[in-house]
Amino acid sequence: MRSLLLLIALLLTTAVSFAADAPVVHVYNWSDYVAEDTIDNFTSATGINVVYDVYDANETLEAKLFAGRTGYDVVFPSAHPFAGRHIVSGLYASLDKTQLPNYEHLDAALLKLLEATDPDNKYLVPYMWGTTGIGYNADKVKAVLGADAPVNSWALIFDRHNAEKLSSCGLVLLDDEQEVFAAALIYLGKDANTTNSADIDAATVLINEIRPFVRYFHSSQYINDLANGDICVAHGYSGDVLQSRDRAAEAGQKVPVVYSLPKEGAVMWVDVMAIPIDAPHPQQAYAFINYLLDPHVIANVTNYVAYANPNKDATALLNADIREDAGIYPPAEVRQRLVVPHEIPNKVQRLKTRTWTRIKTGH
């Protein structure tokens, strides 16, 4: 019996050893940000196992990066202003583009846009881009505010009269100070990237006016809640709202989820891939990033997550309903009203962060 147990122990030890020796990549990404089969397909194609963790706020990722020794090989921050701060702080490894043969598929215009944050595109690889607008349940909003509800305006959220009425069916905001302040500033006709404390104070007053009517602040919970009809208006990311719409349809629920880009303007953001300076498996990180740069792979991801990708050779591979959806790929006249967040001085950022904490806690 002891011999049998010894043999079993030896076999288990060997199996663990083999598992430990297998190549692995540790990935930290936003929730719901790859297709259902992306990770399994990568492992099948490369033999590299994936340890895949998710978050739903840039601040969560940022805190881990500044603490150091995250153990992650690939991370997916938003370019502006988060990745910009990370570059300045030396948190990312410079890219060896010879290990990214699929880099050639990226759109030159988007790479040029990223140079404001990442000169010469030295550290960041664009992954997805999108907008931040309003997701709403058309039936519930009409029932509460009437047929002339301002669904194409930030007034739907920031007009106190509207917010108070919408509280009966569920109004939610992103747990993201950059996004909420930007939306409020745009509604007030001010620069979304302002460093003027008076402008920030005005936005703070506006947000505090509707604060009593906000059900919760969260950056992913609204996806299911909107699909299930549990809320009626969400300040949200374009792809998340469109995923919510699709989930409602797939579940056979008669929940008419609509995505709106307000007429006053909205934030356009770019999420990127980066390799932490202390990544334990940089070679596997390059393999993972290069895999996601394959036009067929990223087209499959966009078809699933409903976010636009920066891969010029993937566009023709997209499902027609995705490629032609103005909520995913806005037409030129709409893109002119979009604002790209910029980095702001640390003093101003600290002011916004402190103010945001007080807004959320109601103090």
# chains A, B, ... in the order shown; residues from 1 in each chain; ligands from 1
>>> residues_around(residues="stretch 54-62 of chain A", least_positions_apart="2", cutoff="6 Å", atoms="only C-alpha atoms", output="MDAnalysis selection string")
chainID A and resid 28:31 64:65 219
>>> closest_atom_pairs(of="stretch 112-206 of chain A", to="stretch 346-353 of chain A", cutoff="10 Å", atoms="only C-alpha atoms", output="CSV")
residue,atom,partner,partner_atom,distance
A:Asp176,CA,A:Thr353,CA,9.7
A:Glu177,CA,A:Thr353,CA,6.9
A:Gln178,CA,A:Lys352,CA,8.2
A:Phe181,CA,A:Lys352,CA,8.3
A:Thr194,CA,A:Val348,CA,9.1
A:Thr195,CA,A:Val348,CA,6.2
A:Asn196,CA,A:Val348,CA,8.3
A:Ser197,CA,A:Val348,CA,7.6
A:Ile200,CA,A:Lys352,CA,7.5
A:Asp201,CA,A:Lys352,CA,9.4
A:Thr204,CA,A:Lys352,CA,9.0
>>> closest_residue(among="A:His26, A:Arg335, A:His296, A:His342", to="A:Asn319", atoms="only C-alpha atoms")
A:His296
>>> closest_atom_pairs(of="stretch 202-290 of chain A", to="stretch 90-100 of chain A", cutoff="9 Å", atoms="only C-alpha atoms", output="CSV")
residue,atom,partner,partner_atom,distance
A:Ala274,CA,A:Tyr92,CA,6.6
A:Ile275,CA,A:Tyr92,CA,5.6
A:Pro276,CA,A:Tyr92,CA,4.4
A:Ile277,CA,A:Ala93,CA,4.4
A:Asp278,CA,A:Ala93,CA,7.9
A:Ala279,CA,A:Ala93,CA,8.5
A:Gln283,CA,A:Gln99,CA,8.5
A:Tyr286,CA,A:Gln99,CA,6.3
A:Ala287,CA,A:Leu100,CA,7.8
A:Ile289,CA,A:Leu100,CA,7.5
A:Asn290,CA,A:Leu100,CA,5.2
>>> residues_around(residues="stretch 148-155 of chain A", least_positions_apart="5", cutoff="12 Å", atoms="only C-alpha atoms", output="JSON, numbers by chain")
{"A": [132, 133, 134, 135, 136, 137, 138, 139, 140, 141, 142, 143, 160, 161, 162, 163, 165, 166, 180, 182, 183, 184, 185, 186, 187, 188, 189, 206, 207, 210, 232, 233, 234, 235, 257, 258, 259, 260, 261, 262, 263, 264, 265, 266]}
>>> write_last_selection(atoms="C-alpha atoms", output="PDB file, in the first residue's frame")
ATOM      1  CA  THR A 132     -18.914  57.186 -23.098  1.00  0.00           C
ATOM      2  CA  GLY A 133     -22.546  58.195 -23.377  1.00  0.00           C
ATOM      3  CA  ILE A 134     -25.985  57.227 -22.166  1.00  0.00           C
ATOM      4  CA  GLY A 135     -27.645  53.832 -22.134  1.00  0.00           C
ATOM      5  CA  TYR A 136     -31.358  53.866 -21.515  1.00  0.00           C
ATOM      6  CA  ASN A 137     -34.496  51.763 -21.495  1.00  0.00           C
ATOM      7  CA  ALA A 138     -36.630  53.500 -24.121  1.00  0.00           C
ATOM      8  CA  ASP A 139     -39.964  52.316 -22.712  1.00  0.00           C
ATOM      9  CA  LYS A 140     -39.241  53.213 -19.096  1.00  0.00           C
ATOM     10  CA  VAL A 141     -37.768  56.607 -19.926  1.00  0.00           C
ATOM     11  CA  LYS A 142     -40.786  57.446 -22.064  1.00  0.00           C
ATOM     12  CA  ALA A 143     -43.134  56.340 -19.281  1.00  0.00           C
ATOM     13  CA  ARG A 160     -32.272  67.809 -11.624  1.00  0.00           C
ATOM     14  CA  HIS A 161     -35.933  67.584 -12.662  1.00  0.00           C
ATOM     15  CA  ASN A 162     -35.185  64.636 -14.970  1.00  0.00           C
ATOM     16  CA  ALA A 163     -32.851  62.914 -12.496  1.00  0.00           C
ATOM     17  CA  LYS A 165     -38.073  61.438 -11.920  1.00  0.00           C
ATOM     18  CA  LEU A 166     -35.668  58.809 -13.229  1.00  0.00           C
ATOM     19  CA  VAL A 180     -18.423  61.827 -14.694  1.00  0.00           C
ATOM     20  CA  ALA A 182     -16.039  65.221 -18.167  1.00  0.00           C
ATOM     21  CA  ALA A 183     -19.731  64.619 -18.885  1.00  0.00           C
ATOM     22  CA  ALA A 184     -20.780  67.308 -16.405  1.00  0.00           C
ATOM     23  CA  LEU A 185     -18.289  69.813 -17.832  1.00  0.00           C
ATOM     24  CA  ILE A 186     -19.413  69.125 -21.394  1.00  0.00           C
ATOM     25  CA  TYR A 187     -23.047  69.634 -20.364  1.00  0.00           C
ATOM     26  CA  LEU A 188     -22.070  72.978 -18.801  1.00  0.00           C
ATOM     27  CA  GLY A 189     -20.352  74.000 -22.030  1.00  0.00           C
ATOM     28  CA  LEU A 206     -24.048  70.029 -10.751  1.00  0.00           C
ATOM     29  CA  ILE A 207     -23.175  66.444  -9.804  1.00  0.00           C
ATOM     30  CA  ILE A 210     -28.392  64.954  -8.813  1.00  0.00           C
ATOM     31  CA  CYS A 232     -33.641  52.760 -16.782  1.00  0.00           C
ATOM     32  CA  VAL A 233     -30.694  55.118 -17.406  1.00  0.00           C
ATOM     33  CA  ALA A 234     -26.952  54.490 -17.146  1.00  0.00           C
ATOM     34  CA  HIS A 235     -23.982  56.691 -17.818  1.00  0.00           C
ATOM     35  CA  VAL A 257     -31.880  49.221 -24.566  1.00  0.00           C
ATOM     36  CA  VAL A 258     -30.597  52.166 -26.618  1.00  0.00           C
ATOM     37  CA  TYR A 259     -27.190  53.862 -26.691  1.00  0.00           C
ATOM     38  CA  SER A 260     -27.055  57.622 -27.172  1.00  0.00           C
ATOM     39  CA  LEU A 261     -24.140  59.963 -27.816  1.00  0.00           C
ATOM     40  CA  PRO A 262     -25.290  63.337 -26.417  1.00  0.00           C
ATOM     41  CA  LYS A 263     -25.486  66.260 -28.825  1.00  0.00           C
ATOM     42  CA  GLU A 264     -23.273  68.389 -26.556  1.00  0.00           C
ATOM     43  CA  GLY A 265     -20.368  66.001 -27.065  1.00  0.00           C
ATOM     44  CA  ALA A 266     -18.855  63.025 -25.256  1.00  0.00           C
TER      45      ALA A 266
END
>>> select_by_dssp(residues="stretch 37-209 of chain A", states="alpha helix (DSSP H)", output="ChimeraX atom specification")
/A:38-46,58-67,84-88,108-114,138-145,155-158,160-166,177-187,197-209
>>> residues_around(residues="A:Tyr307", least_positions_apart="5", cutoff="10 Å", atoms="only C-alpha atoms", output="mmCIF file with N, CA, C and O atoms, in the first residue's frame")
data_model
loop_
_atom_site.group_PDB
_atom_site.id
_atom_site.type_symbol
_atom_site.label_atom_id
_atom_site.label_comp_id
_atom_site.auth_asym_id
_atom_site.auth_seq_id
_atom_site.Cartn_x
_atom_site.Cartn_y
_atom_site.Cartn_z
ATOM 1 N N TYR A 33 -14.136 41.764 -21.739
ATOM 2 C CA TYR A 33 -13.366 42.512 -22.738
ATOM 3 C C TYR A 33 -12.635 41.630 -23.747
ATOM 4 O O TYR A 33 -11.759 42.111 -24.451
ATOM 5 N N TYR A 127 -5.745 48.771 -28.073
ATOM 6 C CA TYR A 127 -6.543 47.539 -28.040
ATOM 7 C C TYR A 127 -7.967 47.769 -28.533
ATOM 8 O O TYR A 127 -8.410 47.155 -29.493
ATOM 9 N N MET A 128 -8.694 48.648 -27.864
ATOM 10 C CA MET A 128 -10.061 48.981 -28.257
ATOM 11 C C MET A 128 -10.276 50.473 -28.048
ATOM 12 O O MET A 128 -9.564 51.111 -27.267
ATOM 13 N N TRP A 129 -11.238 51.036 -28.742
ATOM 14 C CA TRP A 129 -11.608 52.414 -28.465
ATOM 15 C C TRP A 129 -13.128 52.527 -28.501
ATOM 16 O O TRP A 129 -13.823 51.669 -29.035
ATOM 17 N N GLY A 130 -13.612 53.565 -27.877
ATOM 18 C CA GLY A 130 -15.053 53.740 -27.837
ATOM 19 C C GLY A 130 -15.412 55.093 -27.271
ATOM 20 O O GLY A 130 -14.574 55.987 -27.155
ATOM 21 N N THR A 131 -16.656 55.233 -26.901
ATOM 22 C CA THR A 131 -17.159 56.489 -26.370
ATOM 23 C C THR A 131 -17.883 56.221 -25.056
ATOM 24 O O THR A 131 -18.189 55.077 -24.728
ATOM 25 N N TYR A 237 -20.199 53.067 -20.900
ATOM 26 C CA TYR A 237 -19.330 52.907 -22.060
ATOM 27 C C TYR A 237 -20.115 52.299 -23.219
ATOM 28 O O TYR A 237 -20.963 51.421 -23.026
ATOM 29 N N SER A 238 -19.797 52.744 -24.418
ATOM 30 C CA SER A 238 -20.559 52.350 -25.605
ATOM 31 C C SER A 238 -20.708 50.838 -25.727
ATOM 32 O O SER A 238 -21.831 50.318 -25.868
ATOM 33 N N GLY A 239 -19.613 50.122 -25.674
ATOM 34 C CA GLY A 239 -19.677 48.676 -25.861
ATOM 35 C C GLY A 239 -20.452 47.975 -24.771
ATOM 36 O O GLY A 239 -21.159 47.000 -25.021
ATOM 37 N N ASP A 240 -20.337 48.466 -23.533
ATOM 38 C CA ASP A 240 -21.071 47.857 -22.427
ATOM 39 C C ASP A 240 -22.573 47.995 -22.632
ATOM 40 O O ASP A 240 -23.338 47.050 -22.397
ATOM 41 N N LEU A 242 -24.131 48.411 -25.464
ATOM 42 C CA LEU A 242 -24.539 47.587 -26.600
ATOM 43 C C LEU A 242 -24.526 46.102 -26.243
ATOM 44 O O LEU A 242 -25.352 45.328 -26.738
ATOM 45 N N GLN A 243 -23.599 45.696 -25.372
ATOM 46 C CA GLN A 243 -23.642 44.325 -24.853
ATOM 47 C C GLN A 243 -24.929 44.103 -24.068
ATOM 48 O O GLN A 243 -25.565 43.046 -24.165
ATOM 49 N N ALA A 299 -11.165 40.962 -34.732
ATOM 50 C CA ALA A 299 -12.509 41.113 -35.305
ATOM 51 C C ALA A 299 -13.504 40.264 -34.527
ATOM 52 O O ALA A 299 -14.628 40.700 -34.245
ATOM 53 N N VAL A 301 -13.228 39.463 -31.405
ATOM 54 C CA VAL A 301 -13.429 40.122 -30.113
ATOM 55 C C VAL A 301 -14.427 41.272 -30.261
ATOM 56 O O VAL A 301 -15.368 41.404 -29.468
ATOM 57 N N THR A 302 -14.237 42.113 -31.267
ATOM 58 C CA THR A 302 -15.155 43.237 -31.477
ATOM 59 C C THR A 302 -16.571 42.754 -31.746
ATOM 60 O O THR A 302 -17.540 43.331 -31.242
ATOM 61 N N ILE A 322 -22.212 45.153 -36.742
ATOM 62 C CA ILE A 322 -21.231 45.815 -35.887
ATOM 63 C C ILE A 322 -20.548 46.938 -36.654
ATOM 64 O O ILE A 322 -20.435 48.076 -36.179
ATOM 65 N N GLY A 327 -23.199 53.560 -33.090
ATOM 66 C CA GLY A 327 -22.814 53.605 -31.690
ATOM 67 C C GLY A 327 -21.439 53.021 -31.457
ATOM 68 O O GLY A 327 -20.795 53.315 -30.453
ATOM 69 N N ILE A 328 -20.992 52.163 -32.366
ATOM 70 C CA ILE A 328 -19.668 51.536 -32.247
ATOM 71 C C ILE A 328 -18.644 52.288 -33.089
ATOM 72 O O ILE A 328 -17.561 52.629 -32.610
ATOM 73 N N TYR A 329 -18.980 52.543 -34.336
ATOM 74 C CA TYR A 329 -18.133 53.318 -35.240
ATOM 75 C C TYR A 329 -18.885 54.581 -35.638
ATOM 76 O O TYR A 329 -19.576 54.618 -36.646
#
>>> closest_residue(among="A:Glu324, A:Ile298, A:Pro341, A:Arg358", to="A:Phe82", atoms="only C-alpha atoms")
A:Pro341
>>> residues_around(residues="A:Tyr304", least_positions_apart="5", cutoff="8 Å", atoms="only C-alpha atoms", output="NGL selection string")
:A and (34-36)
>>> write_last_selection(atoms="N, CA and C atoms", output="PDB file, in the first residue's frame")
ATOM      1  N   VAL A  34     -12.962  40.347 -23.778  1.00  0.00           N
ATOM      2  CA  VAL A  34     -12.507  39.445 -24.837  1.00  0.00           C
ATOM      3  C   VAL A  34     -13.693  38.574 -25.215  1.00  0.00           C
ATOM      4  N   ALA A  35     -13.588  37.908 -26.362  1.00  0.00           N
ATOM      5  CA  ALA A  35     -14.651  36.975 -26.757  1.00  0.00           C
ATOM      6  C   ALA A  35     -14.605  35.743 -25.856  1.00  0.00           C
ATOM      7  N   GLU A  36     -15.668  34.972 -25.892  1.00  0.00           N
ATOM      8  CA  GLU A  36     -15.752  33.802 -25.014  1.00  0.00           C
ATOM      9  C   GLU A  36     -14.653  32.784 -25.279  1.00  0.00           C
TER      10      GLU A  36
END
>>> residues_around(residues="A:Val125", least_positions_apart="5", cutoff="12 Å", atoms="only C-alpha atoms", output="ChimeraX atom specification")
/A:74-79,83,92-97,100,102-108,110-115,117-118,120,270-275,286,288-290,292-293,309-311
>>> select_by_dssp(residues="stretch 127-272 of chain A", states="strand (DSSP E)", output="mmCIF file with N, CA and C atoms, in the first residue's frame")
data_model
loop_
_atom_site.group_PDB
_atom_site.id
_atom_site.type_symbol
_atom_site.label_atom_id
_atom_site.label_comp_id
_atom_site.auth_asym_id
_atom_site.auth_seq_id
_atom_site.Cartn_x
_atom_site.Cartn_y
_atom_site.Cartn_z
ATOM 1 N N TYR A 127 -5.745 48.771 -28.073
ATOM 2 C CA TYR A 127 -6.543 47.539 -28.040
ATOM 3 C C TYR A 127 -7.967 47.769 -28.533
ATOM 4 N N MET A 128 -8.694 48.648 -27.864
ATOM 5 C CA MET A 128 -10.061 48.981 -28.257
ATOM 6 C C MET A 128 -10.276 50.473 -28.048
ATOM 7 N N TRP A 129 -11.238 51.036 -28.742
ATOM 8 C CA TRP A 129 -11.608 52.414 -28.465
ATOM 9 C C TRP A 129 -13.128 52.527 -28.501
ATOM 10 N N GLY A 130 -13.612 53.565 -27.877
ATOM 11 C CA GLY A 130 -15.053 53.740 -27.837
ATOM 12 C C GLY A 130 -15.412 55.093 -27.271
ATOM 13 N N THR A 131 -16.656 55.233 -26.901
ATOM 14 C CA THR A 131 -17.159 56.489 -26.370
ATOM 15 C C THR A 131 -17.883 56.221 -25.056
ATOM 16 N N THR A 132 -18.148 57.290 -24.339
ATOM 17 C CA THR A 132 -18.914 57.186 -23.098
ATOM 18 C C THR A 132 -20.146 58.072 -23.240
ATOM 19 N N GLY A 133 -21.313 57.451 -23.177
ATOM 20 C CA GLY A 133 -22.546 58.195 -23.377
ATOM 21 C C GLY A 133 -23.628 57.726 -22.434
ATOM 22 N N ILE A 134 -24.823 57.572 -22.978
ATOM 23 C CA ILE A 134 -25.985 57.227 -22.166
ATOM 24 C C ILE A 134 -26.643 55.962 -22.698
ATOM 25 N N GLY A 135 -26.843 55.001 -21.810
ATOM 26 C CA GLY A 135 -27.645 53.832 -22.134
ATOM 27 C C GLY A 135 -28.983 53.970 -21.435
ATOM 28 N N TYR A 136 -30.053 53.686 -22.158
ATOM 29 C CA TYR A 136 -31.358 53.866 -21.515
ATOM 30 C C TYR A 136 -32.380 52.854 -22.013
ATOM 31 N N ASN A 137 -33.355 52.613 -21.171
ATOM 32 C CA ASN A 137 -34.496 51.763 -21.495
ATOM 33 C C ASN A 137 -35.560 52.672 -22.096
ATOM 34 N N LEU A 171 -31.427 55.376 -11.918
ATOM 35 C CA LEU A 171 -30.406 56.172 -12.596
ATOM 36 C C LEU A 171 -29.057 55.827 -11.983
ATOM 37 N N VAL A 172 -28.070 55.468 -12.817
ATOM 38 C CA VAL A 172 -26.748 55.104 -12.295
ATOM 39 C C VAL A 172 -25.648 55.856 -13.035
ATOM 40 N N LEU A 173 -24.551 56.072 -12.333
ATOM 41 C CA LEU A 173 -23.379 56.728 -12.906
ATOM 42 C C LEU A 173 -22.178 55.804 -12.814
ATOM 43 N N TYR A 216 -26.664 54.034 -7.756
ATOM 44 C CA TYR A 216 -25.330 53.566 -7.379
ATOM 45 C C TYR A 216 -24.295 54.054 -8.381
ATOM 46 N N PHE A 217 -23.036 53.975 -7.982
ATOM 47 C CA PHE A 217 -21.896 54.272 -8.852
ATOM 48 C C PHE A 217 -21.172 52.957 -9.103
ATOM 49 N N VAL A 233 -31.689 54.248 -16.773
ATOM 50 C CA VAL A 233 -30.694 55.118 -17.406
ATOM 51 C C VAL A 233 -29.333 54.862 -16.778
ATOM 52 N N ALA A 234 -28.318 54.704 -17.635
ATOM 53 C CA ALA A 234 -26.952 54.490 -17.146
ATOM 54 C C ALA A 234 -25.981 55.352 -17.928
ATOM 55 N N HIS A 235 -25.147 56.046 -17.211
ATOM 56 C CA HIS A 235 -23.982 56.691 -17.818
ATOM 57 C C HIS A 235 -22.989 55.561 -18.063
ATOM 58 N N GLY A 236 -22.677 55.245 -19.313
ATOM 59 C CA GLY A 236 -21.886 54.042 -19.551
ATOM 60 C C GLY A 236 -21.055 54.067 -20.813
ATOM 61 N N TYR A 237 -20.199 53.067 -20.900
ATOM 62 C CA TYR A 237 -19.330 52.907 -22.060
ATOM 63 C C TYR A 237 -20.115 52.299 -23.219
ATOM 64 N N VAL A 257 -33.062 48.467 -24.984
ATOM 65 C CA VAL A 257 -31.880 49.221 -24.566
ATOM 66 C C VAL A 257 -31.333 49.998 -25.765
ATOM 67 N N VAL A 258 -31.095 51.288 -25.553
ATOM 68 C CA VAL A 258 -30.597 52.166 -26.618
ATOM 69 C C VAL A 258 -29.347 52.884 -26.121
ATOM 70 N N TYR A 259 -28.387 53.082 -27.017
ATOM 71 C CA TYR A 259 -27.190 53.862 -26.691
ATOM 72 C C TYR A 259 -27.263 55.207 -27.389
ATOM 73 N N SER A 260 -26.987 56.268 -26.636
ATOM 74 C CA SER A 260 -27.055 57.622 -27.172
ATOM 75 C C SER A 260 -25.760 58.370 -26.919
ATOM 76 N N ALA A 266 -19.108 64.142 -26.160
ATOM 77 C CA ALA A 266 -18.855 63.025 -25.256
ATOM 78 C C ALA A 266 -17.379 62.669 -25.297
ATOM 79 N N VAL A 267 -16.984 61.835 -24.359
ATOM 80 C CA VAL A 267 -15.590 61.391 -24.269
ATOM 81 C C VAL A 267 -15.334 60.258 -25.250
ATOM 82 N N MET A 268 -14.227 60.358 -25.964
ATOM 83 C CA MET A 268 -13.692 59.243 -26.742
ATOM 84 C C MET A 268 -12.457 58.749 -26.011
ATOM 85 N N TRP A 269 -12.375 57.452 -25.782
ATOM 86 C CA TRP A 269 -11.247 56.897 -25.046
ATOM 87 C C TRP A 269 -10.592 55.779 -25.850
ATOM 88 N N VAL A 270 -9.365 55.490 -25.497
ATOM 89 C CA VAL A 270 -8.623 54.382 -26.109
ATOM 90 C C VAL A 270 -8.041 53.546 -24.984
ATOM 91 N N ASP A 271 -8.333 52.262 -24.978
ATOM 92 C CA ASP A 271 -7.701 51.336 -24.037
ATOM 93 C C ASP A 271 -6.529 50.667 -24.733
ATOM 94 N N VAL A 272 -5.472 50.458 -23.995
ATOM 95 C CA VAL A 272 -4.222 49.988 -24.590
ATOM 96 C C VAL A 272 -3.697 48.758 -23.868
#
>>> closest_residue(among="A:Asp230, A:Asp32, A:Asp73, A:Asp37", to="A:Pro282", atoms="only C-alpha atoms")
A:Asp73
